[in-house]
file my_file-v4.cif (mmCIF, C-alpha atoms and all ligand atoms)
data_model
loop_
_atom_site.label_atom_id
_atom_site.label_comp_id
_atom_site.auth_asym_id
_atom_site.auth_seq_id
_atom_site.Cartn_x
_atom_site.Cartn_y
_atom_site.Cartn_z
CA MET U 1 -34.99 -1.78 21.72
CA LYS U 2 -38.40 -1.62 20.11
CA VAL U 3 -38.93 1.12 17.57
CA VAL U 4 -42.11 3.19 17.86
CA SER U 5 -43.08 5.44 14.96
CA ILE U 6 -45.55 8.28 15.15
CA LEU U 7 -47.34 8.89 11.87
CA VAL U 8 -49.00 12.25 11.22
CA PRO U 9 -50.77 13.24 8.01
CA CYS U 10 -50.62 17.03 7.60
CA PHE U 11 -52.41 19.30 5.21
CA ASN U 12 -51.76 23.03 5.62
CA GLU U 13 -50.91 22.68 9.27
CA GLU U 14 -48.25 25.39 9.56
CA ALA U 15 -50.17 27.02 12.42
CA VAL U 16 -50.20 23.94 14.57
CA LEU U 17 -47.14 21.95 13.56
CA PRO U 18 -44.64 23.70 15.89
CA LEU U 19 -47.03 23.06 18.79
CA PHE U 20 -47.26 19.43 17.73
CA PHE U 21 -43.49 18.95 17.63
CA ASP U 22 -43.27 20.57 21.08
CA ALA U 23 -45.92 18.24 22.41
CA ILE U 24 -44.23 15.07 21.20
CA SER U 25 -40.69 16.13 22.07
CA SER U 26 -41.06 15.26 25.76
CA LEU U 27 -42.68 11.95 24.81
CA MET U 28 -39.72 11.18 22.61
CA GLN U 29 -37.37 11.55 25.54
CA GLN U 30 -39.02 8.68 27.36
CA PRO U 31 -36.64 5.74 27.66
CA GLY U 32 -37.55 2.17 26.81
CA PHE U 33 -38.35 2.79 23.16
CA GLU U 34 -36.58 4.10 20.14
CA TRP U 35 -38.78 6.91 18.84
CA ARG U 36 -39.36 7.93 15.23
CA VAL U 37 -41.77 10.39 13.61
CA LEU U 38 -43.00 10.28 10.03
CA CYS U 39 -44.87 13.38 8.90
CA VAL U 40 -46.74 13.08 5.64
CA ASP U 41 -47.20 16.39 3.87
CA ASP U 42 -50.42 15.93 1.92
CA GLY U 43 -49.67 18.56 -0.73
CA SER U 44 -49.83 21.55 1.60
CA THR U 45 -49.73 24.97 0.01
CA ASP U 46 -48.39 26.76 3.07
CA GLY U 47 -45.13 26.39 5.00
CA THR U 48 -45.88 22.92 6.36
CA LEU U 49 -43.15 21.15 4.41
CA ALA U 50 -40.56 23.76 5.38
CA LEU U 51 -41.47 23.31 9.04
CA MET U 52 -40.99 19.57 8.70
CA LYS U 53 -37.59 20.11 7.11
CA LYS U 54 -36.58 22.38 9.98
CA ALA U 55 -37.77 19.86 12.54
CA ARG U 56 -35.68 17.16 10.86
CA GLU U 57 -32.60 19.35 10.96
CA LYS U 58 -33.08 19.68 14.72
CA ASP U 59 -33.99 16.05 15.34
CA PRO U 60 -33.00 13.43 12.74
CA ARG U 61 -35.52 10.99 14.24
CA ILE U 62 -38.17 13.05 12.45
CA SER U 63 -38.69 12.11 8.81
CA PHE U 64 -41.06 13.57 6.28
CA LEU U 65 -42.74 12.42 3.15
CA GLY U 66 -44.02 15.00 0.68
CA LEU U 67 -46.85 13.95 -1.65
CA SER U 68 -47.14 15.45 -5.11
CA ARG U 69 -50.52 17.05 -4.38
CA ASN U 70 -53.37 16.90 -1.88
CA PHE U 71 -54.68 13.34 -2.02
CA GLY U 72 -56.81 13.46 1.12
CA LYS U 73 -56.20 12.12 4.58
CA GLU U 74 -56.98 8.49 3.73
CA ALA U 75 -54.37 8.38 0.97
CA ALA U 76 -51.88 10.30 3.10
CA MET U 77 -52.21 7.70 5.84
CA MET U 78 -51.72 4.93 3.32
CA ALA U 79 -48.56 6.60 2.02
CA GLY U 80 -47.35 6.90 5.60
CA LEU U 81 -48.03 3.24 6.32
CA ASP U 82 -46.09 2.29 3.19
CA TYR U 83 -43.00 4.19 4.29
CA VAL U 84 -43.14 3.94 8.07
CA GLU U 85 -40.48 2.00 9.94
CA GLY U 86 -40.62 0.40 13.33
CA ASP U 87 -42.27 -2.33 15.34
CA CYS U 88 -45.44 -0.34 15.78
CA VAL U 89 -46.93 2.90 14.56
CA VAL U 90 -49.09 5.45 16.33
CA LEU U 91 -51.40 7.24 13.92
CA MET U 92 -52.48 10.69 15.03
CA ASP U 93 -53.67 14.09 13.78
CA ALA U 94 -51.35 17.05 13.76
CA ASP U 95 -53.86 19.40 15.36
CA LEU U 96 -53.36 18.06 18.92
CA GLN U 97 -56.96 16.89 19.07
CA HIS U 98 -55.39 13.55 19.88
CA PRO U 99 -53.67 14.06 23.25
CA VAL U 100 -50.09 12.88 23.33
CA ASP U 101 -50.35 11.61 26.93
CA VAL U 102 -52.59 8.74 25.80
CA ILE U 103 -49.72 7.19 23.84
CA PRO U 104 -47.94 5.63 26.85
CA GLN U 105 -51.20 3.87 27.76
CA MET U 106 -51.43 2.55 24.23
CA LEU U 107 -47.86 1.30 24.44
CA ASP U 108 -48.70 -0.50 27.70
CA LYS U 109 -51.50 -2.37 25.97
CA TRP U 110 -49.25 -3.13 23.02
CA GLU U 111 -46.68 -4.66 25.35
CA GLN U 112 -49.45 -6.78 26.84
CA GLY U 113 -49.76 -8.35 23.41
CA TYR U 114 -52.52 -6.40 21.69
CA GLU U 115 -51.89 -5.66 18.05
CA ASP U 116 -54.39 -2.87 17.40
CA VAL U 117 -54.98 -0.39 20.23
CA TYR U 118 -57.56 2.20 19.25
CA ALA U 119 -58.41 5.32 21.16
CA CYS U 120 -62.04 5.77 22.01
CA ARG U 121 -63.36 9.33 22.23
CA MET U 122 -65.33 10.17 25.35
CA THR U 123 -66.19 13.63 24.03
CA ARG U 124 -65.99 15.11 20.60
CA GLY U 125 -64.63 18.54 21.53
CA SER U 126 -66.38 21.62 20.18
CA GLU U 127 -67.87 20.18 17.04
CA SER U 128 -71.17 21.57 15.84
CA TRP U 129 -74.40 19.96 17.02
CA LEU U 130 -75.20 19.07 13.41
CA ARG U 131 -71.92 17.21 12.88
CA LYS U 132 -72.26 15.33 16.18
CA THR U 133 -75.84 14.20 15.43
CA ALA U 134 -75.05 13.29 11.83
CA THR U 135 -72.05 11.27 13.02
CA ARG U 136 -74.16 9.39 15.57
CA LEU U 137 -76.87 8.48 13.06
CA TYR U 138 -74.31 7.52 10.47
CA TYR U 139 -72.57 5.02 12.74
CA LYS U 140 -75.93 3.42 13.57
CA LEU U 141 -76.53 2.97 9.85
CA LEU U 142 -73.03 1.66 9.27
CA GLN U 143 -73.28 -0.84 12.10
CA ALA U 144 -76.57 -2.12 10.71
CA GLY U 145 -75.24 -2.45 7.19
CA SER U 146 -71.76 -3.91 7.34
CA ASN U 147 -70.45 -7.35 8.04
CA TYR U 148 -67.78 -6.37 10.52
CA ASN U 149 -67.57 -3.89 13.33
CA VAL U 150 -66.90 -0.25 12.75
CA TYR U 151 -66.81 1.32 16.19
CA PRO U 152 -68.47 4.67 16.75
CA ASN U 153 -66.35 7.28 18.53
CA VAL U 154 -63.18 5.71 17.23
CA GLY U 155 -61.15 7.75 14.79
CA ASP U 156 -57.79 7.20 13.26
CA PHE U 157 -55.97 7.71 16.54
CA ARG U 158 -54.54 4.27 17.19
CA LEU U 159 -51.49 2.12 17.65
CA LEU U 160 -50.87 -0.59 15.09
CA ASP U 161 -48.44 -3.44 15.43
CA ARG U 162 -46.19 -4.30 12.48
CA VAL U 163 -48.51 -7.21 11.55
CA CYS U 164 -51.42 -4.78 11.16
CA ILE U 165 -49.29 -2.41 9.08
CA GLU U 166 -48.35 -5.24 6.74
CA ALA U 167 -51.99 -6.28 6.49
CA LEU U 168 -53.20 -2.74 5.76
CA ARG U 169 -50.51 -2.30 3.13
CA GLN U 170 -52.06 -5.14 1.17
CA LEU U 171 -55.44 -3.42 1.01
CA ARG U 172 -54.90 -1.05 -1.91
CA GLU U 173 -58.42 0.00 -2.81
CA SER U 174 -58.77 3.59 -3.97
CA ASN U 175 -62.11 4.39 -2.34
CA ARG U 176 -60.57 4.08 1.07
CA TYR U 177 -62.39 4.06 4.32
CA THR U 178 -59.64 3.15 6.74
CA LYS U 179 -61.99 2.79 9.70
CA GLY U 180 -63.65 -0.11 7.93
CA LEU U 181 -60.30 -1.59 6.96
CA TYR U 182 -59.16 -1.78 10.60
CA GLY U 183 -62.20 -3.95 11.26
CA TYR U 184 -61.55 -6.05 8.19
CA ILE U 185 -57.97 -6.98 9.05
CA GLY U 186 -58.92 -8.28 12.49
CA PHE U 187 -56.05 -9.02 14.91
CA ARG U 188 -56.20 -8.61 18.68
CA LYS U 189 -57.85 -5.29 19.48
CA THR U 190 -58.32 -3.29 22.62
CA PHE U 191 -58.94 0.35 23.42
CA VAL U 192 -57.96 3.23 25.63
CA CYS U 193 -60.21 6.22 26.30
CA PHE U 194 -59.43 9.86 25.72
CA ARG U 195 -61.10 13.24 25.68
CA THR U 196 -60.91 15.01 22.33
CA ALA U 197 -59.30 18.37 22.77
CA ASP U 198 -60.16 21.28 20.55
CA ARG U 199 -57.94 21.95 17.58
CA ALA U 200 -54.83 23.73 18.94
CA ALA U 201 -54.62 26.10 15.98
CA GLY U 202 -55.63 26.38 12.36
CA LYS U 203 -58.91 25.26 10.82
CA SER U 204 -60.42 21.83 10.17
CA LYS U 205 -59.57 20.63 6.66
CA MET U 206 -62.56 18.35 6.43
CA SER U 207 -65.22 20.19 4.45
CA ALA U 208 -68.85 19.15 4.78
CA ALA U 209 -68.74 17.76 1.23
CA GLY U 210 -65.55 15.85 2.06
CA LEU U 211 -67.20 14.30 5.08
CA VAL U 212 -70.24 13.24 3.05
CA ARG U 213 -67.95 11.65 0.46
CA LEU U 214 -66.07 9.80 3.19
CA ALA U 215 -69.34 8.68 4.76
CA LEU U 216 -70.54 7.29 1.42
CA ASP U 217 -67.23 5.51 0.89
CA GLY U 218 -67.64 3.96 4.32
CA LEU U 219 -71.17 2.76 3.71
CA LEU U 220 -70.58 1.43 0.23
CA SER U 221 -67.13 -0.06 0.71
CA SER U 222 -67.92 -2.10 3.76
CA SER U 223 -71.17 -3.68 2.69
CA ALA U 224 -73.49 -4.51 -0.16
CA ALA U 225 -76.47 -3.76 2.08
CA PRO U 226 -77.56 -0.66 0.14
CA LEU U 227 -77.81 -2.79 -3.01
CA ARG U 228 -79.92 -5.26 -1.12
CA LEU U 229 -82.03 -2.42 0.21
CA ALA U 230 -82.83 -1.47 -3.37
CA THR U 231 -83.80 -5.07 -4.13
CA TYR U 232 -86.01 -5.39 -1.05
CA THR U 233 -87.75 -2.08 -1.65
CA GLY U 234 -88.34 -3.12 -5.24
CA LEU U 235 -89.80 -6.43 -4.11
CA LEU U 236 -92.02 -4.79 -1.52
CA VAL U 237 -93.34 -2.23 -3.98
CA SER U 238 -93.97 -4.90 -6.61
CA ALA U 239 -95.88 -6.99 -4.08
CA CYS U 240 -98.04 -4.00 -3.15
CA ALA U 241 -98.57 -3.16 -6.81
CA PHE U 242 -99.61 -6.75 -7.52
CA ALA U 243 -102.15 -6.72 -4.66
CA TYR U 244 -103.48 -3.40 -5.88
CA MET U 245 -103.75 -4.76 -9.42
CA ILE U 246 -105.92 -7.65 -8.20
CA PHE U 247 -108.02 -5.18 -6.26
CA VAL U 248 -108.56 -2.95 -9.28
CA LEU U 249 -109.30 -5.96 -11.48
CA VAL U 250 -111.93 -7.34 -9.10
CA LYS U 251 -113.44 -3.89 -8.65
CA THR U 252 -113.69 -3.39 -12.41
CA ILE U 253 -115.30 -6.79 -12.93
CA PHE U 254 -117.95 -6.21 -10.30
CA TYR U 255 -118.53 -2.46 -10.42
CA GLY U 256 -117.32 -1.41 -13.87
CA ASP U 257 -114.92 1.43 -14.42
CA PRO U 258 -116.09 4.97 -14.95
CA VAL U 259 -113.03 6.92 -16.09
CA LYS U 260 -111.61 7.99 -12.83
CA GLY U 261 -108.44 7.00 -11.08
CA TYR U 262 -106.29 9.89 -12.18
CA PRO U 263 -104.89 10.49 -8.64
CA THR U 264 -104.07 6.80 -8.20
CA LEU U 265 -102.21 6.78 -11.50
CA VAL U 266 -100.19 9.85 -10.70
CA ILE U 267 -99.34 8.58 -7.24
CA LEU U 268 -98.26 5.20 -8.60
CA ILE U 269 -96.14 6.70 -11.36
CA LEU U 270 -94.42 9.13 -9.05
CA PHE U 271 -93.86 6.55 -6.35
CA LEU U 272 -92.49 3.91 -8.68
CA GLY U 273 -90.41 6.49 -10.53
CA GLY U 274 -88.92 7.60 -7.24
CA ILE U 275 -88.02 4.07 -6.19
CA GLN U 276 -86.50 3.35 -9.58
CA LEU U 277 -84.38 6.47 -9.51
CA PHE U 278 -83.23 5.69 -5.99
CA SER U 279 -82.24 2.14 -6.94
CA LEU U 280 -80.47 3.42 -10.04
CA GLY U 281 -78.61 5.88 -7.86
CA VAL U 282 -77.46 3.12 -5.54
CA LEU U 283 -76.34 1.05 -8.50
CA GLY U 284 -74.59 4.06 -9.96
CA GLU U 285 -72.64 4.65 -6.76
CA TYR U 286 -71.33 1.10 -6.89
CA VAL U 287 -70.58 1.24 -10.61
CA GLY U 288 -68.67 4.48 -10.05
CA ARG U 289 -66.57 2.77 -7.41
CA ILE U 290 -65.94 -0.21 -9.65
CA PHE U 291 -64.84 2.25 -12.32
CA THR U 292 -62.25 3.90 -10.11
CA GLU U 293 -61.04 0.57 -8.74
CA THR U 294 -60.54 -0.98 -12.20
CA LYS U 295 -58.20 1.82 -13.20
CA LYS U 296 -55.87 0.57 -10.47
CA ARG U 297 -54.25 3.95 -10.13
CA PRO U 298 -51.75 4.45 -7.34
CA ASN U 299 -53.44 6.24 -4.47
CA TYR U 300 -50.69 8.82 -4.13
CA PHE U 301 -47.41 9.98 -5.62
CA VAL U 302 -44.39 10.94 -3.57
CA ARG U 303 -42.39 14.03 -4.43
CA THR U 304 -39.83 13.81 -1.69
CA LEU U 305 -38.67 11.64 1.18
CA ASN U 306 -36.63 13.68 3.67
CA GLY U 307 -35.87 16.23 0.98
CA GLU U 308 -34.54 13.67 -1.49
CA LYS U 309 -36.06 11.81 -4.41
CA PRO U 310 -37.88 8.78 -3.04
CA THR U 311 -36.65 5.27 -3.70
CA SER U 312 -39.42 3.19 -5.19
CA ARG U 313 -41.30 0.78 -2.95
N1 LIG E 401 -55.48 15.96 6.63
C1 LIG E 401 -54.70 15.50 5.55
N2 LIG E 401 -55.19 15.69 4.28
C2 LIG E 401 -56.39 16.26 4.03
C3 LIG E 401 -57.18 16.70 5.14
C4 LIG E 401 -56.69 16.53 6.42
O1 LIG E 401 -53.62 14.97 5.72
O2 LIG E 401 -56.77 16.38 2.86
C5 LIG E 401 -54.94 15.80 8.00
C6 LIG E 401 -54.89 17.09 8.80
O3 LIG E 401 -53.71 17.79 8.55
C7 LIG E 401 -54.97 16.57 10.23
C8 LIG E 401 -55.85 15.34 10.09
O4 LIG E 401 -55.81 14.97 8.72
O5 LIG E 401 -53.70 16.20 10.73
C9 LIG E 401 -57.26 15.60 10.56
O6 LIG E 401 -57.77 16.67 9.85
P1 LIG E 401 -58.71 17.78 10.52
O7 LIG E 401 -58.25 18.10 11.90
O8 LIG E 401 -58.78 18.91 9.55
O9 LIG E 401 -60.09 17.00 10.54
P2 LIG E 401 -61.14 16.88 11.74
O10 LIG E 401 -60.33 16.69 13.02
O11 LIG E 401 -61.90 18.14 11.73
O12 LIG E 401 -61.94 15.67 11.38
MG MG E 402 -58.90 17.82 13.74
#

call {"tool": "encode", "arguments": {"input": "my_file-v4.cif", "output": "structure tokens"}}
result
Amino acid sequence: MKVVSILVPCFNEEAVLPLFFDAISSLMQQPGFEWRVLCVDDGSTDGTLALMKKAREKDPRISFLGLSRNFGKEAAMMAGLDYVEGDCVVLMDADLQHPVDVIPQMLDKWEQGYEDVYACRMTRGSESWLRKTATRLYYKLLQAGSNYNVYPNVGDFRLLDRVCIEALRQLRESNRYTKGLYGYIGFRKTFVCFRTADRAAGKSKMSAAGLVRLALDGLLSSSAAPLRLATYTGLLVSACAFAYMIFVLVKTIFYGDPVKGYPTLVILILFLGGIQLFSLGVLGEYVGRIFTETKKRPNYFVRTLNGEKPTSR
């Protein structure tokens, strides 16, 4: 029988975790597959890990992996992918925003031979207007800038075949933007649609600053377009400056130059200064990422696997 693993990264989810286990328990009674669950505790400071332990005592098909601190959802998912067993894995959030009843549809597609079945959001639940608009604009920008597809309205809710898991495990970069990585690995993809529910309990762990950081990682890790943007803007400005120089030169030759031009000077200095700072900033963002990548630090450390010391991978 084929083994299906459900992978859930959890960070301070004690409010919602019991509801989550309830929700998947009926799914796990469905025949035809051997079900497993791997919960990754991303350094929670509340009772999340204890709840996982209790769930495992009740149902040994549930395993848990405790990280040594909060590494963020991207790293938690990577840890999960490293330890997960089975022929395919279903990645989902613990907060029940990803409805469990979509999973059988995903499994159908998987059995038809697709290797990466992603769930496409039809609605975004009760997110703020600001977050929805920012997300929409961001995906437009990302689509324009990167070399492979990053689909809007597709989150981390997806089914991955073993081949995709093995592929993702080889991508060990520390500035992770998993959504871009799914595109990078390729494989046969298809989608199912779902309506995002509201969080069943607890609060969102994604702070505004965290989202901005993730967005930057996405933009800068999947393309060098921002670097090119800096180059093009520089070129454009230089071309304009050159034309203006000729203009000033000709004007001076024919009409002389009474000492004026203060506004022009100030405008030019400010404008050029701005462009230079912007380009430096773009460069700096890339250099910063090179810096963290060259350290080649592991993206996470494991404290416990099912309550015991982890065996090394
Ligand atoms: N999460 C995590 N580590 C973090 C932040 C979040 O493992 O540092 C998990 C969280 O427990 C949840 C999922 O990632 O299962 C999605 O997080 P959340 O619902 O807070 O984000 P949102 O749905 O608002 O984007
Ligand atoms: Mg959520």

call {"tool": "residues_around", "arguments": {"input": "my_file-v4.cif", "residues": "Val192 (chain U)", "least_positions_apart": "3", "cutoff": "8 Å", "atoms": "all atoms listed in the file", "output": "VMD selection string"}}
result
chain U and resid 102 105 to 106 117 to 120

call {"tool": "residues_near_ligand", "arguments": {"input": "my_file-v4.cif", "ligand": "ligand MG 402 (chain E)", "cutoff": "6 Å", "atoms": "only C-alpha atoms and all ligand atoms", "output": "list of chain:residue names"}}
result
U:Asp95, U:Gln97, U:Arg199, U:Ser204

call {"tool": "closest_atom_pairs", "arguments": {"input": "my_file-v4.cif", "of": "chain U", "to": "ligand LIG 401 (chain E)", "cutoff": "6 Å", "atoms": "all atoms listed in the file", "output": "Markdown table"}}
result
| residue | atom | partner | partner_atom | distance |
| --- | --- | --- | --- | --- |
| U:Pro9 | CA | E:LIG401 | O1 | 4.0 |
| U:Cys10 | CA | E:LIG401 | O3 | 3.3 |
| U:Phe11 | CA | E:LIG401 | O3 | 3.9 |
| U:Glu13 | CA | E:LIG401 | O3 | 5.7 |
| U:Asp42 | CA | E:LIG401 | O1 | 5.1 |
| U:Asn70 | CA | E:LIG401 | O2 | 5.9 |
| U:Gly72 | CA | E:LIG401 | O2 | 3.4 |
| U:Lys73 | CA | E:LIG401 | N2 | 3.7 |
| U:Ala76 | CA | E:LIG401 | O1 | 5.6 |
| U:Asp93 | CA | E:LIG401 | O5 | 3.7 |
| U:Ala94 | CA | E:LIG401 | O5 | 3.9 |
| U:Asp95 | CA | E:LIG401 | O5 | 5.6 |
| U:Ser204 | CA | E:LIG401 | O8 | 3.4 |
| U:Lys205 | CA | E:LIG401 | O8 | 3.5 |
| U:Met206 | CA | E:LIG401 | O8 | 4.9 |

call {"tool": "write_last_selection", "arguments": {"input": "my_file-v4.cif", "atoms": "C-alpha atoms", "output": "PDB file, in the coordinates of the input"}}
result
ATOM      1  CA  PRO U   9     -50.770  13.240   8.010  1.00  0.00           C
ATOM      2  CA  CYS U  10     -50.620  17.030   7.600  1.00  0.00           C
ATOM      3  CA  PHE U  11     -52.410  19.300   5.210  1.00  0.00           C
ATOM      4  CA  GLU U  13     -50.910  22.680   9.270  1.00  0.00           C
ATOM      5  CA  ASP U  42     -50.420  15.930   1.920  1.00  0.00           C
ATOM      6  CA  ASN U  70     -53.370  16.900  -1.880  1.00  0.00           C
ATOM      7  CA  GLY U  72     -56.810  13.460   1.120  1.00  0.00           C
ATOM      8  CA  LYS U  73     -56.200  12.120   4.580  1.00  0.00           C
ATOM      9  CA  ALA U  76     -51.880  10.300   3.100  1.00  0.00           C
ATOM     10  CA  ASP U  93     -53.670  14.090  13.780  1.00  0.00           C
ATOM     11  CA  ALA U  94     -51.350  17.050  13.760  1.00  0.00           C
ATOM     12  CA  ASP U  95     -53.860  19.400  15.360  1.00  0.00           C
ATOM     13  CA  SER U 204     -60.420  21.830  10.170  1.00  0.00           C
ATOM     14  CA  LYS U 205     -59.570  20.630   6.660  1.00  0.00           C
ATOM     15  CA  MET U 206     -62.560  18.350   6.430  1.00  0.00           C
TER      16      MET U 206
END

call {"tool": "atom_distance", "arguments": {"input": "my_file-v4.cif", "atom1": "CA of Phe247 (chain U)", "atom2": "CA of Gly234 (chain U)"}}
result
19.8 Å

call {"tool": "atom_distance", "arguments": {"input": "my_file-v4.cif", "atom1": "CA of Asp41 (chain U)", "atom2": "CA of Leu65 (chain U)"}}
result
6.0 Å

call {"tool": "decode", "arguments": {"input": "my_file-v4.cif", "residues": "region 297-310 of chain U", "atoms": "N, CA, C and O atoms", "output": "short mmCIF file (atom, residue, chain, number, x, y, z; two decimals), in the first residue's frame"}}
result
data_model
loop_
_atom_site.label_atom_id
_atom_site.label_comp_id
_atom_site.auth_asym_id
_atom_site.auth_seq_id
_atom_site.Cartn_x
_atom_site.Cartn_y
_atom_site.Cartn_z
N ARG U 297 25.63 27.39 6.72
CA ARG U 297 25.13 26.89 8.00
C ARG U 297 23.93 25.99 7.76
O ARG U 297 23.16 26.23 6.83
N PRO U 298 23.76 24.97 8.59
CA PRO U 298 22.53 24.17 8.48
C PRO U 298 21.33 25.08 8.71
O PRO U 298 21.43 26.03 9.51
N ASN U 299 20.25 24.81 8.06
CA ASN U 299 19.08 25.69 8.16
C ASN U 299 18.27 25.47 9.42
O ASN U 299 17.37 26.24 9.72
N TYR U 300 18.56 24.38 10.12
CA TYR U 300 17.82 24.10 11.35
C TYR U 300 18.60 23.08 12.17
O TYR U 300 19.50 22.41 11.65
N PHE U 301 18.30 23.02 13.45
CA PHE U 301 18.84 21.94 14.28
C PHE U 301 17.68 21.21 14.94
O PHE U 301 16.70 21.84 15.32
N VAL U 302 17.83 19.90 15.08
CA VAL U 302 16.75 19.10 15.64
C VAL U 302 17.06 18.78 17.08
O VAL U 302 18.16 18.36 17.41
N ARG U 303 16.09 19.03 17.97
CA ARG U 303 16.29 18.65 19.36
C ARG U 303 15.79 17.24 19.61
O ARG U 303 16.40 16.46 20.31
N THR U 304 14.65 16.93 19.00
CA THR U 304 14.06 15.63 19.29
C THR U 304 13.28 15.09 18.11
O THR U 304 12.66 15.84 17.36
N LEU U 305 13.35 13.77 17.93
CA LEU U 305 12.48 13.11 16.96
C LEU U 305 11.67 12.09 17.75
O LEU U 305 12.23 11.17 18.34
N ASN U 306 10.38 12.32 17.83
CA ASN U 306 9.48 11.45 18.61
C ASN U 306 9.93 11.30 20.05
O ASN U 306 9.88 10.22 20.63
N GLY U 307 10.45 12.38 20.62
CA GLY U 307 10.84 12.35 22.03
C GLY U 307 12.23 11.80 22.28
O GLY U 307 12.71 11.79 23.40
N GLU U 308 12.88 11.31 21.22
CA GLU U 308 14.24 10.79 21.41
C GLU U 308 15.25 11.64 20.68
O GLU U 308 14.89 12.47 19.86
N LYS U 309 16.53 11.40 21.00
CA LYS U 309 17.59 12.13 20.29
C LYS U 309 17.55 11.72 18.83
O LYS U 309 17.41 10.54 18.52
N PRO U 310 17.67 12.67 17.92
CA PRO U 310 17.56 12.32 16.50
C PRO U 310 18.81 11.60 16.02
O PRO U 310 19.91 11.86 16.49
#
